[in-house]
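Visitor: Input structure: input01.cif, which contains mmCIF, C-alpha atoms.
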```
data_structure
loop_
_atom_site.group_PDB
_atom_site.id
_atom_site.type_symbol
_atom_site.label_atom_id
_atom_site.label_comp_id
_atom_site.auth_asym_id
_atom_site.auth_seq_id
_atom_site.Cartn_x
_atom_site.Cartn_y
_atom_site.Cartn_z
ATOM 1 C CA MET V 1 60.382 108.611 167.267
ATOM 2 C CA SER V 2 58.144 105.891 165.841
ATOM 3 C CA ILE V 3 59.443 102.353 165.815
ATOM 4 C CA GLU V 4 59.617 102.474 162.030
ATOM 5 C CA ASP V 5 61.782 105.613 162.156
ATOM 6 C CA LYS V 6 63.973 103.960 164.768
ATOM 7 C CA ILE V 7 64.509 100.882 162.583
ATOM 8 C CA ASN V 8 65.107 103.052 159.526
ATOM 9 C CA SER V 9 67.765 105.027 161.322
ATOM 10 C CA LEU V 10 69.480 101.836 162.548
ATOM 11 C CA ILE V 11 69.566 100.485 159.007
ATOM 12 C CA GLU V 12 70.781 103.753 157.537
ATOM 13 C CA ASN V 13 73.594 104.096 160.037
ATOM 14 C CA ASN V 14 74.965 100.552 159.807
ATOM 15 C CA LYS V 15 76.106 99.090 156.514
ATOM 16 C CA ILE V 16 75.836 95.522 157.749
ATOM 17 C CA LEU V 17 73.257 95.095 160.457
ATOM 18 C CA LEU V 18 71.978 91.872 161.974
ATOM 19 C CA PHE V 19 68.806 91.811 164.053
ATOM 20 C CA MET V 20 69.313 88.814 166.308
ATOM 21 C CA LYS V 21 68.470 87.159 169.613
ATOM 22 C CA GLY V 22 71.338 87.797 172.018
ATOM 23 C CA SER V 23 74.790 89.029 171.022
ATOM 24 C CA PRO V 24 77.520 87.545 168.795
ATOM 25 C CA LYS V 25 79.328 86.372 171.958
ATOM 26 C CA PHE V 26 76.178 85.065 173.578
ATOM 27 C CA PRO V 27 73.597 84.240 170.923
ATOM 28 C CA GLN V 28 70.294 83.077 172.394
ATOM 29 C CA CYS V 29 69.128 80.985 169.451
ATOM 30 C CA GLY V 30 70.754 78.561 167.031
ATOM 31 C CA PHE V 31 69.680 80.495 163.945
ATOM 32 C CA SER V 32 71.120 83.765 165.271
ATOM 33 C CA SER V 33 74.310 81.947 166.231
ATOM 34 C CA LEU V 34 74.633 80.544 162.712
ATOM 35 C CA ALA V 35 74.152 83.988 161.165
ATOM 36 C CA CYS V 36 76.949 85.428 163.340
ATOM 37 C CA GLN V 37 79.311 82.567 162.523
ATOM 38 C CA ILE V 38 78.742 83.098 158.815
ATOM 39 C CA LEU V 39 79.241 86.867 158.977
ATOM 40 C CA THR V 40 82.446 86.333 160.943
ATOM 41 C CA ALA V 41 83.616 83.758 158.401
ATOM 42 C CA CYS V 42 83.046 86.387 155.690
ATOM 43 C CA ASP V 43 85.181 88.906 157.624
ATOM 44 C CA ALA V 44 82.165 91.177 157.792
ATOM 45 C CA ASN V 45 82.381 94.263 159.945
ATOM 46 C CA TYR V 46 78.839 94.043 161.259
ATOM 47 C CA GLU V 47 76.701 95.536 163.986
ATOM 48 C CA THR V 48 73.905 93.729 165.793
ATOM 49 C CA VAL V 49 70.638 94.626 167.477
ATOM 50 C CA ASP V 50 69.500 92.296 170.246
ATOM 51 C CA VAL V 51 65.728 92.094 169.783
ATOM 52 C CA LEU V 52 65.364 90.400 173.176
ATOM 53 C CA GLN V 53 66.332 93.743 174.749
ATOM 54 C CA ASP V 54 63.595 95.679 172.970
ATOM 55 C CA GLN V 55 60.129 94.207 172.539
ATOM 56 C CA ASP V 56 59.056 97.049 170.197
ATOM 57 C CA ILE V 57 61.930 96.349 167.805
ATOM 58 C CA ARG V 58 61.359 92.609 168.112
ATOM 59 C CA GLU V 59 57.801 92.959 166.807
ATOM 60 C CA GLY V 60 58.452 96.057 164.703
ATOM 61 C CA ILE V 61 61.186 94.522 162.570
ATOM 62 C CA LYS V 62 58.874 91.632 161.616
ATOM 63 C CA THR V 63 56.325 94.078 160.195
ATOM 64 C CA PHE V 64 59.015 96.335 158.739
ATOM 65 C CA SER V 65 60.586 93.509 156.699
ATOM 66 C CA ASN V 66 57.389 91.496 156.226
ATOM 67 C CA TRP V 67 59.375 88.611 157.686
ATOM 68 C CA PRO V 68 58.137 86.616 160.694
ATOM 69 C CA THR V 69 61.418 85.340 162.103
ATOM 70 C CA ILE V 70 64.719 86.459 163.636
ATOM 71 C CA PRO V 71 67.587 86.782 162.635
ATOM 72 C CA GLN V 72 67.252 89.329 159.841
ATOM 73 C CA LEU V 73 70.197 90.693 157.905
ATOM 74 C CA TYR V 74 70.368 94.127 156.285
ATOM 75 C CA ILE V 75 73.227 95.126 154.004
ATOM 76 C CA ASN V 76 73.364 98.627 152.523
ATOM 77 C CA LYS V 77 69.794 99.278 153.741
ATOM 78 C CA GLU V 78 68.496 96.270 151.863
ATOM 79 C CA PHE V 79 66.876 93.267 153.490
ATOM 80 C CA VAL V 80 69.026 90.267 152.565
ATOM 81 C CA GLY V 81 67.070 87.545 154.350
ATOM 82 C CA GLY V 82 66.889 85.258 157.361
ATOM 83 C CA ALA V 83 69.100 82.371 158.458
ATOM 84 C CA ASP V 84 68.271 80.030 155.561
ATOM 85 C CA ILE V 85 68.989 82.625 152.882
ATOM 86 C CA ILE V 86 72.140 83.797 154.674
ATOM 87 C CA ARG V 87 73.368 80.186 154.688
ATOM 88 C CA GLU V 88 72.505 79.609 151.021
ATOM 89 C CA MET V 89 74.226 82.832 149.972
ATOM 90 C CA TYR V 90 77.255 81.929 152.059
ATOM 91 C CA GLU V 91 77.519 78.497 150.468
ATOM 92 C CA SER V 92 77.197 79.907 146.943
ATOM 93 C CA GLY V 93 79.788 82.629 147.612
ATOM 94 C CA GLU V 94 77.253 85.362 146.912
ATOM 95 C CA LEU V 95 77.295 86.689 150.469
ATOM 96 C CA ALA V 96 81.046 87.271 150.461
ATOM 97 C CA LYS V 97 80.614 89.264 147.240
ATOM 98 C CA VAL V 98 77.853 91.442 148.681
ATOM 99 C CA ILE V 99 79.898 92.021 151.844
ATOM 100 C CA SER V 100 83.063 92.940 149.960
ATOM 101 C CA GLY V 101 81.030 95.561 148.115
ATOM 102 C CA THR V 102 80.125 97.413 151.331
ATOM 103 C CA MET Z 103 51.714 68.333 168.781
ATOM 104 C CA LEU Z 104 52.526 70.017 165.494
ATOM 105 C CA THR Z 105 53.290 67.507 162.750
ATOM 106 C CA PRO Z 106 55.020 67.790 159.355
ATOM 107 C CA GLU Z 107 51.837 66.451 157.738
ATOM 108 C CA TYR Z 108 49.789 69.296 159.166
ATOM 109 C CA ILE Z 109 52.264 71.978 158.032
ATOM 110 C CA LYS Z 110 52.346 70.407 154.591
ATOM 111 C CA ALA Z 111 48.550 70.433 154.370
ATOM 112 C CA VAL Z 112 48.343 74.121 155.350
ATOM 113 C CA ILE Z 113 50.917 75.134 152.725
ATOM 114 C CA GLN Z 114 49.309 72.997 150.020
ATOM 115 C CA LYS Z 115 45.898 74.484 150.761
ATOM 116 C CA ASN Z 116 47.261 77.986 150.151
ATOM 117 C CA MET Z 117 49.729 77.587 147.304
ATOM 118 C CA ASP Z 118 50.359 75.363 144.290
ATOM 119 C CA CYS Z 119 53.451 73.233 144.778
ATOM 120 C CA VAL Z 120 55.244 71.097 142.213
ATOM 121 C CA PHE Z 121 56.912 69.305 145.122
ATOM 122 C CA ILE Z 122 56.771 69.704 148.874
ATOM 123 C CA GLU Z 123 58.525 67.877 151.683
ATOM 124 C CA ILE Z 124 58.373 68.739 155.369
ATOM 125 C CA LYS Z 125 60.609 66.964 157.857
ATOM 126 C CA GLY Z 126 60.841 67.127 161.642
ATOM 127 C CA ASP Z 127 59.531 64.894 164.377
ATOM 128 C CA ASP Z 128 60.169 66.855 167.594
ATOM 129 C CA GLY Z 129 57.094 69.068 167.241
ATOM 130 C CA THR Z 130 59.221 72.224 167.214
ATOM 131 C CA HIS Z 131 61.911 72.163 164.545
ATOM 132 C CA PHE Z 132 60.927 71.559 160.940
ATOM 133 C CA GLU Z 133 62.606 71.655 157.556
ATOM 134 C CA ALA Z 134 60.799 72.368 154.329
ATOM 135 C CA ILE Z 135 61.704 71.873 150.688
ATOM 136 C CA ILE Z 136 59.196 73.557 148.418
ATOM 137 C CA VAL Z 137 59.177 73.676 144.630
ATOM 138 C CA SER Z 138 56.630 75.912 142.941
ATOM 139 C CA ASP Z 139 56.006 77.663 139.658
ATOM 140 C CA ILE Z 140 55.009 80.808 141.543
ATOM 141 C CA PHE Z 141 58.699 81.230 142.521
ATOM 142 C CA ASP Z 142 59.737 81.959 138.930
ATOM 143 C CA ASP Z 143 61.553 85.303 138.662
ATOM 144 C CA LEU Z 144 61.198 86.025 142.380
ATOM 145 C CA SER Z 145 64.102 86.795 144.708
ATOM 146 C CA LYS Z 146 64.819 84.321 147.524
ATOM 147 C CA VAL Z 147 63.321 86.775 149.999
ATOM 148 C CA LYS Z 148 60.088 86.992 147.987
ATOM 149 C CA GLN Z 149 59.987 83.195 147.560
ATOM 150 C CA HIS Z 150 60.223 82.696 151.301
ATOM 151 C CA GLN Z 151 57.624 85.422 151.858
ATOM 152 C CA LYS Z 152 55.228 83.430 149.639
ATOM 153 C CA VAL Z 153 55.762 80.406 151.878
ATOM 154 C CA TYR Z 154 55.204 82.473 155.022
ATOM 155 C CA ASP Z 155 52.004 83.857 153.460
ATOM 156 C CA ALA Z 156 50.846 80.309 152.708
ATOM 157 C CA LEU Z 157 51.491 79.367 156.347
ATOM 158 C CA ASP Z 158 48.672 81.731 157.164
ATOM 159 C CA GLY Z 159 49.975 83.259 160.393
ATOM 160 C CA MET Z 160 51.343 79.988 161.788
ATOM 161 C CA MET Z 161 54.794 81.549 162.205
ATOM 162 C CA LYS Z 162 53.301 83.979 164.706
ATOM 163 C CA GLN Z 163 51.566 81.221 166.608
ATOM 164 C CA GLU Z 164 52.614 77.631 167.106
ATOM 165 C CA LEU Z 165 55.385 77.328 164.518
ATOM 166 C CA HIS Z 166 58.708 78.821 165.574
ATOM 167 C CA ALA Z 167 61.510 77.008 163.821
ATOM 168 C CA LEU Z 168 61.034 76.206 160.161
ATOM 169 C CA SER Z 169 64.020 76.050 157.818
ATOM 170 C CA ILE Z 170 62.909 76.729 154.275
ATOM 171 C CA LYS Z 171 64.502 75.820 150.966
ATOM 172 C CA THR Z 172 62.704 77.042 147.872
ATOM 173 C CA TYR Z 173 63.298 76.124 144.236
ATOM 174 C CA THR Z 174 61.705 76.911 140.912
ATOM 175 C CA ALA Z 175 60.672 73.870 138.885
ATOM 176 C CA SER Z 176 63.651 74.243 136.551
ATOM 177 C CA GLN Z 177 66.166 74.591 139.426
ATOM 178 C CA TRP Z 178 64.612 71.528 141.034
ATOM 179 C CA GLY Z 179 64.872 69.568 137.766
ATOM 180 C CA LYS Z 180 68.591 70.301 137.640
ATOM 181 C CA ILE Z 181 69.082 69.188 141.241
ATOM 182 C CA GLN Z 182 67.164 65.970 140.589
ATOM 183 C CA HIS Z 183 69.383 65.201 137.627
ATOM 184 C CA GLY Z 184 72.513 65.906 139.600
ATOM 185 C CA ASP Z 185 73.941 68.408 137.150
ATOM 186 C CA ASN Z 186 73.681 71.383 139.472
#
```
Rewrite the structure of this file - the entire thing - as structure tokens.
Guide:
Amino acid sequence: MSIEDKINSLIENNKILLFMKGSPKFPQCGFSSLACQILTACDANYETVDVLQDQDIREGIKTFSNWPTIPQLYINKEFVGGADIIREMYESGELAKVISGT
Amino acid sequence: MLTPEYIKAVIQKNMDCVFIEIKGDDGTHFEAIIVSDIFDDLSKVKQHQKVYDALDGMMKQELHALSIKTYTASQWGKIQHGDN
């Protein structure tokens, strides 16, 4: 399976999926930690992929999304954004709306 | 050491900005506010992608932590006038 197929299948099988460094319990970067805190605050039922455990996904997801940083949030197969956009959407209430529609 | 002035110069070389401010003095963590007419009618994701494009590969090299806030000129005008 190519890395693109692998990412596609992850996104297709998880309605809310966060590519992050570390895990929600043990995030390895402040931006990933923030993303988890926000998703939890929105009562989101989300899955995560720890890119530190898979170098191919770590590089592959950057090309896949045309986005150079981690974390990256996908909801309903759509790329929502990185930490800054997640925070902005949380503060405006938009994120809670998108999540409640999943 | 990477400076806000340098990041600002790289972005300005590659895209037209109505306003740009880069903060951060630890050489690692930076914050950007960028206002541009090219953001009109673009999603937030696409706006940030424009900024990453303008950074010309820096995100893959020396620049790791850059918080970005993007605004269109009209959004920025509203913020400046405090009626947002």
Visitor: For a quick check of your reading of the model, name the residues lying within 9 Å of the coordinate (65.2, 65.1, 151.6), counting all atoms listed in the file, and write them as a PDB file with C-alpha atoms, in the frame of the given file.
Guide:
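Resulting contents of result.pdb:
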```
ATOM      1  CA  GLU Z 123      58.525  67.877 151.683  1.00  0.00           C
ATOM      2  CA  ILE Z 124      58.373  68.739 155.369  1.00  0.00           C
ATOM      3  CA  LYS Z 125      60.609  66.964 157.857  1.00  0.00           C
ATOM      4  CA  ALA Z 134      60.799  72.368 154.329  1.00  0.00           C
ATOM      5  CA  ILE Z 135      61.704  71.873 150.688  1.00  0.00           C
TER       6      ILE Z 135
END
```
Visitor: Would you list the contacts of V:Gln53 as a list in words, taking every protein, DNA or RNA residue within 12 Å and counting only C-alpha atoms, but skipping same-chain residues closer than 3 positions in sequence?
Guide: Phe19, Met20, Lys21, Gly22, Ser23, Gln28, Thr48, Val49, Asp50, Asp56, Ile57, Arg58 and Glu59 of chain V
Visitor: Would you mind exporting C-alpha atoms of the selected residues as a PDB file, in the frame of the given file?
Guide:
```pdb
ATOM      1  CA  PHE V  19      68.806  91.811 164.053  1.00  0.00           C
ATOM      2  CA  MET V  20      69.313  88.814 166.308  1.00  0.00           C
ATOM      3  CA  LYS V  21      68.470  87.159 169.613  1.00  0.00           C
ATOM      4  CA  GLY V  22      71.338  87.797 172.018  1.00  0.00           C
ATOM      5  CA  SER V  23      74.790  89.029 171.022  1.00  0.00           C
ATOM      6  CA  GLN V  28      70.294  83.077 172.394  1.00  0.00           C
ATOM      7  CA  THR V  48      73.905  93.729 165.793  1.00  0.00           C
ATOM      8  CA  VAL V  49      70.638  94.626 167.477  1.00  0.00           C
ATOM      9  CA  ASP V  50      69.500  92.296 170.246  1.00  0.00           C
ATOM     10  CA  ASP V  56      59.056  97.049 170.197  1.00  0.00           C
ATOM     11  CA  ILE V  57      61.930  96.349 167.805  1.00  0.00           C
ATOM     12  CA  ARG V  58      61.359  92.609 168.112  1.00  0.00           C
ATOM     13  CA  GLU V  59      57.801  92.959 166.807  1.00  0.00           C
TER      14      GLU V  59
END
```
Visitor: Name the closest residue to V:Ile86 among the candidates Z:Val147, Z:Ala167, Z:Ile113, Z:Ile136; distances are taken between atoms, counting all atoms listed in the file.
Guide: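 Of Z:Val147, Z:Ala167, Z:Ile113, Z:Ile136, the one nearest V:Ile86, counting all atoms listed in the file, is Z:Val147.
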Visitor: Go through the shown structure with the PyMOL selection byres ((chain Z) within 8 of (chain V)) and write out the matching residues as a PyMOL selection string.
Guide: chain Z and resi 146-147+151+154+161-162+166+169-171
Visitor: At a cut-off of 10 Å, using all atoms listed in the file, what residues contact Z:Met117? Leave out same-chain residues fewer than 2 positions from it and give the result as a PyMOL selection string.
Guide: chain Z and resi 112-115+119-120+138-140+152-153+155-157
Visitor: If I take atom CA of Z:Leu168 and atom CA of V:Lys77, how far is one from the other in Å, to one decimal?
Guide: 25.5 Å
Visitor: Determine, counting all atoms listed in the file, which protein, DNA and RNA residues have an atom within 8 Å of an atom of V:Lys15; residues of the same chain fewer than 6 positions away are not included. Present the result as a PDB file with C-alpha atoms, keeping the file's coordinate frame.
Guide:
```pdb
ATOM      1  CA  TYR V  46      78.839  94.043 161.259  1.00  0.00           C
ATOM      2  CA  TYR V  74      70.368  94.127 156.285  1.00  0.00           C
ATOM      3  CA  ILE V  75      73.227  95.126 154.004  1.00  0.00           C
ATOM      4  CA  ASN V  76      73.364  98.627 152.523  1.00  0.00           C
ATOM      5  CA  LYS V  77      69.794  99.278 153.741  1.00  0.00           C
ATOM      6  CA  THR V 102      80.125  97.413 151.331  1.00  0.00           C
TER       7      THR V 102
END
```
Visitor: Extending 4 Å beyond the listed atoms of stretch 148-160 of chain Z on each side, what axis-aligned box results? I want centre and edge lengths in Å to one decimal, as JSON.
Guide:
```
{"center_x": 54.4, "center_y": 83.2, "center_z": 154.7, "size_x": 19.6, "size_y": 15.6, "size_z": 22.2}
```
Visitor: So, counting only C-alpha atoms, which residue among Z:Ile109, Z:Leu165, Z:Leu104, Z:Leu144 is closest to Z:Ile122?
Guide: Z:Ile109
Visitor: Can you find the residues with an atom no farther than 12 Å from (84.4, 91.9, 159.6), counting only C-alpha atoms, and report them as a PyMOL selection string?
Guide: chain V and resi 15-17+36-47+96+99-100+102
Visitor: Measuring between only C-alpha atoms, which one of V:Tyr90, V:Cys29, V:Ala35, V:Leu95 shows the shortest distance to V:Gln72?
Guide: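 Using only C-alpha atoms, the shortest distance to V:Gln72 belongs to V:Ala35.
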Visitor: By how many Å are atom CA of Z:Ala175 and atom CA of Z:Val137 apart?
Guide: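 Atom CA of Z:Val137 lies at a distance of 5.9 Å from atom CA of Z:Ala175.
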Visitor: Work out how far apart atom CA of Z:His150 and atom CA of Z:Tyr173 are and give it in Å to one decimal.
Guide: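 Value for the atom CA of Z:His150-atom CA of Z:Tyr173 distance: 10.1 Å.
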Visitor: For the provided coordinates, the residues matched by the PyMOL selection byres ((chain V and resi 8) around 12) should be stated as a short mmCIF file (atom, residue, chain, number, x, y, z; two decimals) with C-alpha atoms, in the coordinates of the input.
Guide:
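Okay, this is what ended up in part-v9.cif:
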```
data_model
loop_
_atom_site.label_atom_id
_atom_site.label_comp_id
_atom_site.auth_asym_id
_atom_site.auth_seq_id
_atom_site.Cartn_x
_atom_site.Cartn_y
_atom_site.Cartn_z
CA MET V 1 60.38 108.61 167.27
CA SER V 2 58.14 105.89 165.84
CA ILE V 3 59.44 102.35 165.82
CA GLU V 4 59.62 102.47 162.03
CA ASP V 5 61.78 105.61 162.16
CA LYS V 6 63.97 103.96 164.77
CA ILE V 7 64.51 100.88 162.58
CA SER V 9 67.76 105.03 161.32
CA LEU V 10 69.48 101.84 162.55
CA ILE V 11 69.57 100.48 159.01
CA GLU V 12 70.78 103.75 157.54
CA ASN V 13 73.59 104.10 160.04
CA ASN V 14 74.96 100.55 159.81
CA LEU V 17 73.26 95.10 160.46
CA ILE V 57 61.93 96.35 167.80
CA GLY V 60 58.45 96.06 164.70
CA ILE V 61 61.19 94.52 162.57
CA PHE V 64 59.02 96.34 158.74
CA SER V 65 60.59 93.51 156.70
CA TYR V 74 70.37 94.13 156.28
CA ASN V 76 73.36 98.63 152.52
CA LYS V 77 69.79 99.28 153.74
CA GLU V 78 68.50 96.27 151.86
CA PHE V 79 66.88 93.27 153.49
#
```
Visitor: Please complete stretch 111-134 of chain Z so it has N, CA and C atoms, and hand it over as a compact mmCIF listing (two decimals), keeping the file's coordinate frame.
Guide:
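Okay, selection-v7.txt is ready:
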```
# COMPACT_ATOMS: atom_id res chain seq x y z
N ALA Z 111 49.94 70.25 154.80
CA ALA Z 111 48.55 70.43 154.37
C ALA Z 111 48.19 71.92 154.33
N VAL Z 112 48.65 72.68 155.32
CA VAL Z 112 48.34 74.12 155.35
C VAL Z 112 48.96 74.81 154.14
N ILE Z 113 50.24 74.49 153.86
CA ILE Z 113 50.92 75.13 152.72
C ILE Z 113 50.23 74.76 151.42
N GLN Z 114 49.91 73.46 151.28
CA GLN Z 114 49.31 73.00 150.02
C GLN Z 114 47.92 73.60 149.79
N LYS Z 115 47.22 73.87 150.89
CA LYS Z 115 45.90 74.48 150.76
C LYS Z 115 46.02 75.89 150.18
N ASN Z 116 47.14 76.56 150.49
CA ASN Z 116 47.26 77.99 150.15
C ASN Z 116 48.17 78.31 148.98
N MET Z 117 48.94 77.32 148.51
CA MET Z 117 49.73 77.59 147.30
C MET Z 117 49.95 76.31 146.49
N ASP Z 118 50.12 76.50 145.17
CA ASP Z 118 50.36 75.36 144.29
C ASP Z 118 51.82 74.97 144.34
N CYS Z 119 52.08 73.71 144.70
CA CYS Z 119 53.45 73.23 144.78
C CYS Z 119 53.68 72.13 143.75
N VAL Z 120 54.83 72.19 143.10
CA VAL Z 120 55.24 71.10 142.21
C VAL Z 120 55.73 69.93 143.09
N PHE Z 121 56.39 70.30 144.19
CA PHE Z 121 56.91 69.31 145.12
C PHE Z 121 56.97 69.95 146.50
N ILE Z 122 56.63 69.17 147.52
CA ILE Z 122 56.77 69.70 148.87
C ILE Z 122 57.14 68.57 149.82
N GLU Z 123 58.12 68.86 150.67
CA GLU Z 123 58.52 67.88 151.68
C GLU Z 123 58.76 68.63 152.99
N ILE Z 124 58.14 68.14 154.05
CA ILE Z 124 58.37 68.74 155.37
C ILE Z 124 58.90 67.64 156.28
N LYS Z 125 60.02 67.93 156.92
CA LYS Z 125 60.61 66.96 157.86
C LYS Z 125 60.63 67.55 159.26
N GLY Z 126 60.73 66.67 160.26
CA GLY Z 126 60.84 67.13 161.64
C GLY Z 126 59.88 66.36 162.52
N ASP Z 127 60.41 65.73 163.56
CA ASP Z 127 59.53 64.89 164.38
C ASP Z 127 59.57 65.28 165.86
N ASP Z 128 60.13 66.47 166.18
CA ASP Z 128 60.17 66.86 167.59
C ASP Z 128 59.06 67.84 167.95
N GLY Z 129 58.21 68.17 166.97
CA GLY Z 129 57.09 69.07 167.24
C GLY Z 129 57.47 70.54 167.25
N THR Z 130 58.76 70.84 167.11
CA THR Z 130 59.22 72.22 167.21
C THR Z 130 60.05 72.66 166.01
N HIS Z 131 61.00 71.81 165.63
CA HIS Z 131 61.91 72.16 164.54
C HIS Z 131 61.53 71.42 163.28
N PHE Z 132 61.33 72.18 162.20
CA PHE Z 132 60.93 71.56 160.94
C PHE Z 132 61.80 72.09 159.81
N GLU Z 133 61.89 71.25 158.76
CA GLU Z 133 62.61 71.66 157.56
C GLU Z 133 61.71 71.45 156.36
N ALA Z 134 61.67 72.45 155.50
CA ALA Z 134 60.80 72.37 154.33
C ALA Z 134 61.59 72.49 153.04
```
